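Text of model.pdb (PDB, C-alpha atoms) as supplied:
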ATOM      1  CA  MET A   1     -36.136 -29.790 -98.110
ATOM      2  CA  MET A   2     -33.361 -27.224 -98.109
ATOM      3  CA  ASN A   3     -31.245 -29.364 -95.780
ATOM      4  CA  ALA A   4     -31.603 -32.422 -97.947
ATOM      5  CA  ARG A   5     -30.255 -30.518-100.918
ATOM      6  CA  PHE A   6     -27.080 -29.649 -99.049
ATOM      7  CA  PHE A   7     -26.359 -33.329 -98.637
ATOM      8  CA  VAL A   8     -26.480 -34.086-102.353
ATOM      9  CA  PRO A   9     -22.834 -33.095-103.056
ATOM     10  CA  LEU A  10     -21.775 -35.017 -99.981
ATOM     11  CA  LEU A  11     -23.646 -38.067-101.203
ATOM     12  CA  ILE A  12     -22.086 -37.826-104.664
ATOM     13  CA  PHE A  13     -18.698 -37.461-103.030
ATOM     14  CA  ALA A  14     -19.343 -40.521-100.883
ATOM     15  CA  VAL A  15     -20.267 -42.607-103.937
ATOM     16  CA  LEU A  16     -17.140 -41.381-105.694
ATOM     17  CA  VAL A  17     -15.008 -42.341-102.689
ATOM     18  CA  VAL A  18     -16.497 -45.845-102.677
ATOM     19  CA  PHE A  19     -15.746 -46.265-106.387
ATOM     20  CA  LEU A  20     -12.209 -44.969-106.008
ATOM     21  CA  TYR A  21     -11.615 -47.187-102.987
ATOM     22  CA  VAL A  22     -12.767 -50.273-104.855
ATOM     23  CA  GLY A  23     -10.659 -49.159-107.816
ATOM     24  CA  LEU A  24      -7.575 -49.055-105.610
ATOM     25  CA  GLY A  25      -7.939 -52.762-104.924
ATOM     26  CA  LEU A  26      -8.324 -53.752-108.568
ATOM     27  CA  LYS A  27      -5.328 -54.812-110.561
ATOM     28  CA  PRO A  28      -5.804 -53.900-114.202
ATOM     29  CA  SER A  29      -2.703 -55.905-115.048
ATOM     30  CA  GLU A  30      -4.534 -59.076-114.024
ATOM     31  CA  VAL A  31      -6.786 -59.909-116.896
ATOM     32  CA  PRO A  32      -9.303 -62.616-116.052
ATOM     33  CA  SER A  33      -8.530 -65.696-118.114
ATOM     34  CA  PRO A  34     -11.289 -67.113-120.302
ATOM     35  CA  LEU A  35      -9.703 -70.533-119.811
ATOM     36  CA  ILE A  36     -10.796 -70.929-116.199
ATOM     37  CA  GLY A  37     -13.380 -73.683-115.999
ATOM     38  CA  LYS A  38     -12.300 -75.036-119.381
ATOM     39  CA  THR A  39     -10.164 -77.981-120.326
ATOM     40  CA  ALA A  40      -6.504 -77.075-120.508
ATOM     41  CA  PRO A  41      -5.250 -76.665-124.080
ATOM     42  CA  ALA A  42      -3.608 -79.698-125.579
ATOM     43  CA  PHE A  43       0.161 -79.851-125.493
ATOM     44  CA  ALA A  44       2.928 -82.329-126.102
ATOM     45  CA  LEU A  45       6.321 -80.967-125.205
ATOM     46  CA  PRO A  46       9.759 -82.374-124.492
ATOM     47  CA  ALA A  47      11.106 -82.167-120.972
ATOM     48  CA  VAL A  48      13.837 -79.645-120.230
ATOM     49  CA  HIS A  49      16.190 -82.271-118.815
ATOM     50  CA  HIS A  50      15.205 -85.086-121.175
ATOM     51  CA  PRO A  51      14.654 -83.875-124.739
ATOM     52  CA  GLU A  52      13.661 -87.378-125.824
ATOM     53  CA  GLN A  53      10.825 -87.584-123.299
ATOM     54  CA  THR A  54       7.540 -86.025-124.422
ATOM     55  CA  ILE A  55       4.852 -85.041-121.973
ATOM     56  CA  ALA A  56       1.305 -84.490-123.138
ATOM     57  CA  ARG A  57      -1.836 -83.170-121.510
ATOM     58  CA  GLU A  58      -3.265 -86.675-121.308
ATOM     59  CA  ASP A  59      -0.346 -87.837-119.143
ATOM     60  CA  MET A  60      -1.481 -85.483-116.421
ATOM     61  CA  LEU A  61      -5.061 -86.684-116.078
ATOM     62  CA  GLY A  62      -6.096 -88.139-112.755
ATOM     63  CA  GLN A  63      -4.155 -85.771-110.529
ATOM     64  CA  VAL A  64      -4.508 -82.244-109.294
ATOM     65  CA  TRP A  65      -1.386 -80.372-110.312
ATOM     66  CA  LEU A  66       0.177 -76.954-110.617
ATOM     67  CA  LEU A  67       1.610 -75.677-113.849
ATOM     68  CA  ASN A  68       4.112 -72.927-113.180
ATOM     69  CA  VAL A  69       5.232 -70.902-116.182
ATOM     70  CA  TRP A  70       8.812 -69.753-115.724
ATOM     71  CA  ALA A  71      11.931 -68.704-117.568
ATOM     72  CA  SER A  72      15.531 -68.057-116.646
ATOM     73  CA  TRP A  73      15.270 -64.514-118.039
ATOM     74  CA  CYS A  74      12.303 -63.750-115.807
ATOM     75  CA  VAL A  75      13.259 -61.687-112.791
ATOM     76  CA  THR A  76      10.009 -62.184-110.894
ATOM     77  CA  CYS A  77      10.408 -65.958-111.274
ATOM     78  CA  ARG A  78      13.575 -65.704-109.239
ATOM     79  CA  GLN A  79      11.592 -63.905-106.571
ATOM     80  CA  GLU A  80       8.871 -66.559-106.308
ATOM     81  CA  HIS A  81      11.223 -69.495-106.687
ATOM     82  CA  PRO A  82      12.017 -70.123-102.992
ATOM     83  CA  LEU A  83       8.304 -70.402-102.335
ATOM     84  CA  LEU A  84       7.966 -73.094-105.012
ATOM     85  CA  VAL A  85      10.955 -74.973-103.651
ATOM     86  CA  ARG A  86       9.404 -74.932-100.193
ATOM     87  CA  LEU A  87       6.017 -76.013-101.530
ATOM     88  CA  ALA A  88       7.627 -78.893-103.420
ATOM     89  CA  ARG A  89       9.322 -80.050-100.253
ATOM     90  CA  GLU A  90       5.978 -80.161 -98.448
ATOM     91  CA  ASN A  91       4.710 -82.635-101.032
ATOM     92  CA  ILE A  92       1.170 -81.316-101.103
ATOM     93  CA  VAL A  93       0.693 -80.973-104.816
ATOM     94  CA  PRO A  94       2.849 -81.936-107.796
ATOM     95  CA  ILE A  95       4.374 -78.923-109.501
ATOM     96  CA  TYR A  96       5.203 -79.028-113.189
ATOM     97  CA  GLY A  97       7.067 -76.254-114.916
ATOM     98  CA  LEU A  98       6.485 -74.727-118.304
ATOM     99  CA  ASN A  99       9.825 -73.325-119.316
ATOM    100  CA  TYR A 100       8.733 -70.472-121.543
ATOM    101  CA  LYS A 101      10.844 -69.117-124.397
ATOM    102  CA  ASP A 102      14.105 -70.066-122.847
ATOM    103  CA  THR A 103      17.168 -72.007-123.850
ATOM    104  CA  ARG A 104      17.778 -75.446-122.461
ATOM    105  CA  ALA A 105      21.244 -74.590-121.155
ATOM    106  CA  ASP A 106      20.046 -71.458-119.342
ATOM    107  CA  ALA A 107      17.069 -73.280-117.861
ATOM    108  CA  ILE A 108      19.142 -76.158-116.515
ATOM    109  CA  GLU A 109      21.745 -73.816-115.117
ATOM    110  CA  TRP A 110      19.018 -71.804-113.394
ATOM    111  CA  LEU A 111      17.510 -74.914-111.817
ATOM    112  CA  ASN A 112      20.913 -76.146-110.688
ATOM    113  CA  ALA A 113      21.665 -72.820-109.048
ATOM    114  CA  LEU A 114      18.311 -72.151-107.398
ATOM    115  CA  GLY A 115      16.881 -75.604-106.823
ATOM    116  CA  ASN A 116      14.393 -77.588-108.860
ATOM    117  CA  PRO A 117      10.863 -77.727-107.427
ATOM    118  CA  TYR A 118       9.413 -79.279-110.577
ATOM    119  CA  ILE A 119       8.651 -82.904-111.174
ATOM    120  CA  THR A 120       9.360 -82.081-114.789
ATOM    121  CA  SER A 121       9.674 -78.866-116.717
ATOM    122  CA  LEU A 122       8.173 -78.775-120.176
ATOM    123  CA  PHE A 123      10.340 -77.032-122.713
ATOM    124  CA  ASP A 124       8.299 -74.498-124.680
ATOM    125  CA  GLU A 125      11.014 -72.851-126.701
ATOM    126  CA  ALA A 126       8.756 -71.149-129.240
ATOM    127  CA  GLY A 127       6.203 -70.096-126.641
ATOM    128  CA  GLN A 128       3.420 -71.773-128.597
ATOM    129  CA  VAL A 129       1.952 -73.643-125.624
ATOM    130  CA  GLY A 130       2.330 -70.440-123.630
ATOM    131  CA  ILE A 131       0.098 -68.661-126.133
ATOM    132  CA  ASP A 132      -2.432 -71.494-125.966
ATOM    133  CA  PHE A 133      -2.529 -71.061-122.196
ATOM    134  CA  GLY A 134      -2.996 -67.309-122.598
ATOM    135  CA  VAL A 135       0.310 -66.540-120.928
ATOM    136  CA  TYR A 136       1.226 -62.880-121.161
ATOM    137  CA  GLY A 137       3.240 -62.204-118.055
ATOM    138  CA  VAL A 138       5.665 -64.716-116.642
ATOM    139  CA  PRO A 139       5.445 -66.104-114.003
ATOM    140  CA  GLU A 140       1.961 -67.513-114.102
ATOM    141  CA  THR A 141       0.632 -70.502-112.219
ATOM    142  CA  PHE A 142      -2.331 -72.662-113.134
ATOM    143  CA  VAL A 143      -4.219 -75.095-110.916
ATOM    144  CA  ILE A 144      -5.463 -77.988-113.044
ATOM    145  CA  ASP A 145      -7.821 -80.653-111.747
ATOM    146  CA  LYS A 146      -8.024 -84.414-112.245
ATOM    147  CA  ARG A 147     -10.076 -84.074-115.399
ATOM    148  CA  GLY A 148      -7.628 -81.609-116.900
ATOM    149  CA  VAL A 149      -9.767 -78.535-116.288
ATOM    150  CA  ILE A 150      -8.065 -75.245-115.391
ATOM    151  CA  ARG A 151      -9.475 -74.120-112.065
ATOM    152  CA  TYR A 152      -7.356 -71.137-111.131
ATOM    153  CA  LYS A 153      -4.716 -68.887-112.580
ATOM    154  CA  GLN A 154      -2.258 -66.811-110.635
ATOM    155  CA  ILE A 155      -0.791 -64.005-112.699
ATOM    156  CA  GLY A 156       2.580 -62.824-111.500
ATOM    157  CA  ALA A 157       4.597 -64.214-108.629
ATOM    158  CA  LEU A 158       3.072 -66.661-106.196
ATOM    159  CA  THR A 159       2.755 -65.215-102.748
ATOM    160  CA  ASP A 160       2.412 -66.785 -99.351
ATOM    161  CA  SER A 161      -1.085 -65.400 -98.990
ATOM    162  CA  ALA A 162      -2.210 -66.539-102.455
ATOM    163  CA  LEU A 163      -0.987 -70.037-101.629
ATOM    164  CA  ARG A 164      -2.576 -70.134 -98.202
ATOM    165  CA  GLU A 165      -5.872 -68.486 -99.066
ATOM    166  CA  LYS A 166      -6.585 -69.644-102.606
ATOM    167  CA  ILE A 167      -4.364 -72.273-104.127
ATOM    168  CA  LEU A 168      -3.896 -74.773-101.312
ATOM    169  CA  PRO A 169      -7.573 -74.734-100.212
ATOM    170  CA  LEU A 170      -8.550 -75.230-103.835
ATOM    171  CA  VAL A 171      -6.111 -78.124-104.223
ATOM    172  CA  ARG A 172      -7.505 -79.736-101.058
ATOM    173  CA  GLU A 173     -11.043 -79.293-102.302
ATOM    174  CA  LEU A 174     -10.243 -80.756-105.724
ATOM    175  CA  ASN A 175      -8.449 -83.707-104.162
ATOM    176  CA  SER A 176     -11.272 -84.625-101.816
TER     177      SER A 176
ATOM    178  CA  MET B 177       0.181 -31.671-150.418
ATOM    179  CA  MET B 178       0.143 -33.120-153.909
ATOM    180  CA  ARG B 179       3.813 -32.346-154.225
ATOM    181  CA  CYS B 180       4.505 -34.290-151.039
ATOM    182  CA  TYR B 181       2.796 -37.335-152.490
ATOM    183  CA  LEU B 182       4.702 -37.038-155.719
ATOM    184  CA  LEU B 183       7.950 -36.758-153.827
ATOM    185  CA  ALA B 184       7.084 -39.769-151.722
ATOM    186  CA  LEU B 185       6.148 -41.692-154.828
ATOM    187  CA  LEU B 186       9.378 -40.673-156.496
ATOM    188  CA  ILE B 187      11.409 -41.827-153.509
ATOM    189  CA  GLY B 188       9.341 -44.977-153.364
ATOM    190  CA  VAL B 189       9.979 -45.987-156.950
ATOM    191  CA  THR B 190      13.637 -45.025-157.052
ATOM    192  CA  PRO B 191      15.443 -48.333-157.299
ATOM    193  CA  VAL B 192      17.723 -48.941-154.367
ATOM    194  CA  PRO B 193      20.068 -51.893-154.598
ATOM    195  CA  ALA B 194      19.524 -54.327-151.749
ATOM    196  CA  PHE B 195      22.779 -55.041-150.056
ATOM    197  CA  ALA B 196      23.344 -58.361-148.431
ATOM    198  CA  GLY B 197      23.396 -57.986-144.669
ATOM    199  CA  ASP B 198      20.926 -55.099-144.604
ATOM    200  CA  ALA B 199      18.232 -55.401-141.989
ATOM    201  CA  GLN B 200      15.341 -57.186-143.645
ATOM    202  CA  PRO B 201      11.811 -55.923-143.058
ATOM    203  CA  MET B 202       9.967 -58.162-140.596
ATOM    204  CA  ILE B 203       7.469 -59.223-143.190
ATOM    205  CA  ALA B 204       8.381 -59.395-146.819
ATOM    206  CA  ASP B 205       4.783 -59.282-147.981
ATOM    207  CA  PRO B 206       3.456 -55.694-147.706
ATOM    208  CA  VAL B 207      -0.206 -56.738-148.105
ATOM    209  CA  LEU B 208       0.070 -59.206-145.241
ATOM    210  CA  GLU B 209       1.999 -56.643-143.216
ATOM    211  CA  ALA B 210      -0.785 -54.097-143.689
ATOM    212  CA  ARG B 211      -3.391 -56.675-142.635
ATOM    213  CA  VAL B 212      -1.405 -57.594-139.531
ATOM    214  CA  MET B 213      -0.959 -53.956-138.568
ATOM    215  CA  SER B 214      -4.570 -52.958-139.134
ATOM    216  CA  LEU B 215      -5.863 -55.916-137.122
ATOM    217  CA  SER B 216      -3.343 -55.495-134.339
ATOM    218  CA  SER B 217      -4.266 -51.847-133.937
ATOM    219  CA  GLU B 218      -7.662 -53.172-132.803
ATOM    220  CA  LEU B 219      -6.087 -55.417-130.192
ATOM    221  CA  ARG B 220      -4.776 -54.508-126.786
ATOM    222  CA  CYS B 221      -1.261 -55.220-125.671
ATOM    223  CA  LEU B 222      -1.953 -56.951-122.355
ATOM    224  CA  VAL B 223       1.407 -55.979-120.900
ATOM    225  CA  CYS B 224       1.195 -52.265-121.677
ATOM    226  CA  GLN B 225      -2.530 -51.861-121.617
ATOM    227  CA  GLY B 226      -2.861 -48.363-122.973
ATOM    228  CA  GLN B 227      -1.252 -49.397-126.233
ATOM    229  CA  SER B 228      -2.396 -51.554-129.078
ATOM    230  CA  LEU B 229      -0.457 -54.530-130.325
ATOM    231  CA  ALA B 230       0.467 -52.454-133.369
ATOM    232  CA  GLU B 231       1.974 -49.592-131.366
ATOM    233  CA  SER B 232       3.740 -51.485-128.652
ATOM    234  CA  HIS B 233       7.371 -52.511-128.655
ATOM    235  CA  ALA B 234       6.928 -54.929-125.771
ATOM    236  CA  ASP B 235       8.051 -58.512-126.346
ATOM    237  CA  PHE B 236       4.491 -59.639-125.889
ATOM    238  CA  ALA B 237       3.270 -57.410-128.706
ATOM    239  CA  THR B 238       6.053 -58.503-131.029
ATOM    240  CA  ASP B 239       5.259 -62.158-130.322
ATOM    241  CA  MET B 240       1.570 -61.575-130.862
ATOM    242  CA  ARG B 241       2.156 -59.802-134.150
ATOM    243  CA  SER B 242       4.239 -62.646-135.471
ATOM    244  CA  LYS B 243       1.610 -65.087-134.179
ATOM    245  CA  ILE B 244      -1.124 -63.145-135.973
ATOM    246  CA  GLN B 245       0.969 -63.096-139.102
ATOM    247  CA  GLY B 246       1.447 -66.852-138.854
ATOM    248  CA  LEU B 247      -2.263 -67.456-138.404
ATOM    249  CA  MET B 248      -3.073 -65.249-141.374
ATOM    250  CA  ARG B 249      -0.521 -67.036-143.473
ATOM    251  CA  ASP B 250      -2.285 -70.267-142.510
ATOM    252  CA  GLY B 251      -5.341 -68.787-144.183
ATOM    253  CA  MET B 252      -7.307 -67.532-141.190
ATOM    254  CA  SER B 253      -9.626 -64.594-141.746
ATOM    255  CA  ASP B 254      -9.409 -61.522-139.518
ATOM    256  CA  GLU B 255     -12.396 -62.708-137.475
ATOM    257  CA  GLN B 256     -10.891 -66.144-137.019
ATOM    258  CA  VAL B 257      -7.668 -64.604-135.759
ATOM    259  CA  VAL B 258      -9.576 -62.436-133.286
ATOM    260  CA  ASP B 259     -11.578 -65.467-132.128
ATOM    261  CA  PHE B 260      -8.355 -67.405-131.657
ATOM    262  CA  LEU B 261      -6.915 -64.678-129.441
ATOM    263  CA  VAL B 262     -10.140 -64.044-127.524
ATOM    264  CA  ALA B 263     -10.383 -67.768-126.691
ATOM    265  CA  ARG B 264      -6.980 -67.528-125.016
ATOM    266  CA  TYR B 265      -6.793 -64.006-123.620
ATOM    267  CA  GLY B 266     -10.436 -63.027-123.237
ATOM    268  CA  ASP B 267     -12.492 -60.140-124.578
ATOM    269  CA  PHE B 268     -10.134 -57.756-122.847
ATOM    270  CA  ILE B 269      -7.680 -58.113-125.703
ATOM    271  CA  ARG B 270     -10.154 -56.336-127.965
ATOM    272  CA  PHE B 271     -10.339 -52.568-127.806
ATOM    273  CA  ARG B 272     -13.927 -52.841-128.989
ATOM    274  CA  PRO B 273     -15.479 -55.586-126.902
ATOM    275  CA  PRO B 274     -18.599 -57.287-128.290
ATOM    276  CA  LEU B 275     -21.988 -56.290-126.926
ATOM    277  CA  LYS B 276     -22.854 -58.975-124.369
ATOM    278  CA  LEU B 277     -24.573 -59.100-121.029
ATOM    279  CA  THR B 278     -21.293 -58.480-119.215
ATOM    280  CA  THR B 279     -20.332 -55.575-121.454
ATOM    281  CA  ALA B 280     -23.810 -54.045-121.754
ATOM    282  CA  LEU B 281     -23.089 -51.408-119.097
ATOM    283  CA  LEU B 282     -19.869 -50.504-120.871
ATOM    284  CA  TRP B 283     -21.665 -49.881-124.146
ATOM    285  CA  LEU B 284     -24.904 -48.418-122.840
ATOM    286  CA  GLY B 285     -23.454 -46.585-119.827
ATOM    287  CA  PRO B 286     -22.762 -43.297-121.623
ATOM    288  CA  LEU B 287     -26.236 -43.327-123.166
ATOM    289  CA  LEU B 288     -27.721 -44.059-119.738
ATOM    290  CA  LEU B 289     -25.816 -41.142-118.221
ATOM    291  CA  LEU B 290     -26.994 -38.856-121.025
ATOM    292  CA  VAL B 291     -30.622 -39.843-120.446
ATOM    293  CA  ILE B 292     -30.285 -39.303-116.692
ATOM    294  CA  ALA B 293     -28.622 -35.914-117.188
ATOM    295  CA  ALA B 294     -31.264 -34.798-119.698
ATOM    296  CA  GLY B 295     -34.016 -35.943-117.313
ATOM    297  CA  LEU B 296     -32.532 -33.984-114.433
ATOM    298  CA  LEU B 297     -32.195 -30.916-116.631
ATOM    299  CA  VAL B 298     -35.843 -31.086-117.704
ATOM    300  CA  ILE B 299     -37.001 -31.525-114.104
ATOM    301  CA  SER B 300     -34.881 -28.616-112.961
ATOM    302  CA  PHE B 301     -36.186 -26.308-115.741
ATOM    303  CA  ARG B 302     -39.786 -27.189-114.997
ATOM    304  CA  ARG B 303     -39.325 -26.559-111.308
ATOM    305  CA  ARG B 304     -37.684 -23.213-111.973
ATOM    306  CA  ARG B 305     -40.488 -22.086-114.296
ATOM    307  CA  ARG B 306     -43.150 -23.148-111.807
ATOM    308  CA  ARG B 307     -41.409 -21.253-109.009
ATOM    309  CA  ALA B 308     -41.137 -18.113-111.125
ATOM    310  CA  ALA B 309     -44.813 -18.231-112.010
ATOM    311  CA  ALA B 310     -45.961 -19.174-108.543
ATOM    312  CA  ALA B 311     -44.268 -16.291-106.771
ATOM    313  CA  PRO B 312     -46.163 -13.044-107.362
ATOM    314  CA  LEU B 313     -44.981  -9.941-105.541
ATOM    315  CA  SER B 314     -46.318  -9.340-102.056
ATOM    316  CA  ASP B 315     -47.916  -5.980-101.208
ATOM    317  CA  VAL B 316     -44.802  -4.814 -99.414
ATOM    318  CA  GLU B 317     -42.628  -5.759-102.348
ATOM    319  CA  ARG B 318     -44.951  -4.039-104.827
ATOM    320  CA  ARG B 319     -44.916  -0.816-102.801
ATOM    321  CA  ARG B 320     -41.122  -0.955-102.606
ATOM    322  CA  LEU B 321     -40.880  -1.541-106.318
ATOM    323  CA  GLU B 322     -43.136   1.428-107.074
ATOM    324  CA  ALA B 323     -41.082   3.635-104.739
ATOM    325  CA  LEU B 324     -37.867   2.542-106.457
ATOM    326  CA  LEU B 325     -39.322   3.158-109.901
ATOM    327  CA  ALA B 326     -40.550   6.579-108.841
ATOM    328  CA  ASP B 327     -37.088   7.364-107.447
ATOM    329  CA  GLY B 328     -35.526   6.295-110.681
ATOM    330  CA  ALA B 329     -37.892   8.519-112.654
ATOM    331  CA  GLU B 330     -36.971  11.541-110.506
ATOM    332  CA  ASP B 331     -33.280  10.790-110.920
ATOM    333  CA  GLY B 332     -33.809  10.657-114.642
ATOM    334  CA  LYS B 333     -35.362  14.149-114.604
ATOM    335  CA  ALA B 334     -32.646  15.664-112.496
TER     336      ALA B 334
END
Would you mind giving the structure from this file in structure tokens?
Amino acid sequence: MMNARFFVPLLIFAVLVVFLYVGLGLKPSEVPSPLIGKTAPAFALPAVHHPEQTIAREDMLGQVWLLNVWASWCVTCRQEHPLLVRLARENIVPIYGLNYKDTRADAIEWLNALGNPYITSLFDEAGQVGIDFGVYGVPETFVIDKRGVIRYKQIGALTDSALREKILPLVRELNS
Amino acid sequence: MMRCYLLALLIGVTPVPAFAGDAQPMIADPVLEARVMSLSSELRCLVCQGQSLAESHADFATDMRSKIQGLMRDGMSDEQVVDFLVARYGDFIRFRPPLKLTTALLWLGPLLLLVIAAGLLVISFRRRRRRAAAAPLSDVERRRLEALLADGAEDGKA
């Protein structure tokens, strides 16, 4: 009886350690999106390179695609960009850009300098479509399925491991 | 205190000519401004999570405030604006999340802890009382007590 009581603080400590350990792995900056599992918000935006060409949500139906939110003023975008360029070269999944609160000239210059992995970049100058997608930290990447449903959202830069472990398996699964 | 108010009022009503080129307030309509600020103080800035949208100077907060203002100008009520934002950013954007199954622990957790703590306290008191009652002095202890008391009495006399 006496011995058991000595273990109580140890037990409490152990529980605390477990909680703290789990807490270390959580990222409070990554807020789960309520849009996952829902149809992507409607949009109709001009392309960055072709202002006269409008691309709408309906044009995307029937394919699994990535929507990468980027901007020329976004430092982390620069960091993830080589990964996108490489992914585009592998031709696994079409990547579309959402150029968020940028200017056309800056965006085009950025793509010319760093390479353009996007089939098209949508030009969201006012950030309205960004708000509809719940964008709060650029870059963000969405996986959208053939029916236009958002299946996954990566907040912050894409990483090799996120691509390998989550995004590409998901794309394969959605395509099959 | 009263004097402070009067002074503020006096300053407030003193006509100041508006010069062209002066920085314009973000919102010309003070009633709308007050509504935007009071609602955005209930909403979390997702970029700087400790702060509300009203307090934060982050770009995100500024954008959100002008978005909220736009929605209000379109005739949305406060609840409609909150619903609009929750649909896009989730319940996390609210400092006071609604009571749902997923947030039940958040709301009821403190109460639960209080009940557990009170229960433990009651158990511990009962146990202590029972132990005190259930432990009468042994013969040896009683003799020692009497000896001590007797000693004390002698000391008192001396």
- Message: Evaluated on this file, the PyMOL selection byres ((chain A and resi 133) around 12) picks out some residues - which ones are they, written as a count of residues only?
- Response: 42
- Shortest contact to chain B, candidates A:Leu26, A:Val31, A:Pro82, A:Leu10, atoms counted all atoms listed in the file, goes to A:Val31
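Note that atom CA of B:Ser216 and atom CA of B:Ser228 are 6.6 Å apart.
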- Message: Under the PyMOL selection byres ((chain A and resi 109-114) around 12), which residues of this model are included? Write them out as a VMD selection string.
- Response: chain A and resid 48 to 49 70 to 75 77 to 86 97 99 102 to 108 115 to 121
- Message: For this structure, which residues satisfy the selection - the PyMOL selection byres ((chain B and resi 271-288) around 12) - when it is evaluated on the file as given? I want them as an MDAnalysis selection string.
- Response: chainID B and resid 215:222 225:229 258:259 262 266:270 289:295
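Proximity to chain A was assessed for B:Pro312, B:Glu317, B:Ser242, B:Arg211 counting only C-alpha atoms; the smallest distance is recorded for B:Ser242.
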- Message: When you count all atoms listed in the file, which of these residues is closest to chain B: A:Leu61, A:Ile12, A:Ala47, A:Ala126?
- Response: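 Answer, going by the shortest atom-to-atom distance: A:Ala126.
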- Message: Measuring between all atoms listed in the file, which one of A:Gly23, A:Lys101, A:Arg5, A:Pro32 shows the shortest distance to chain B?
- Response: A:Pro32
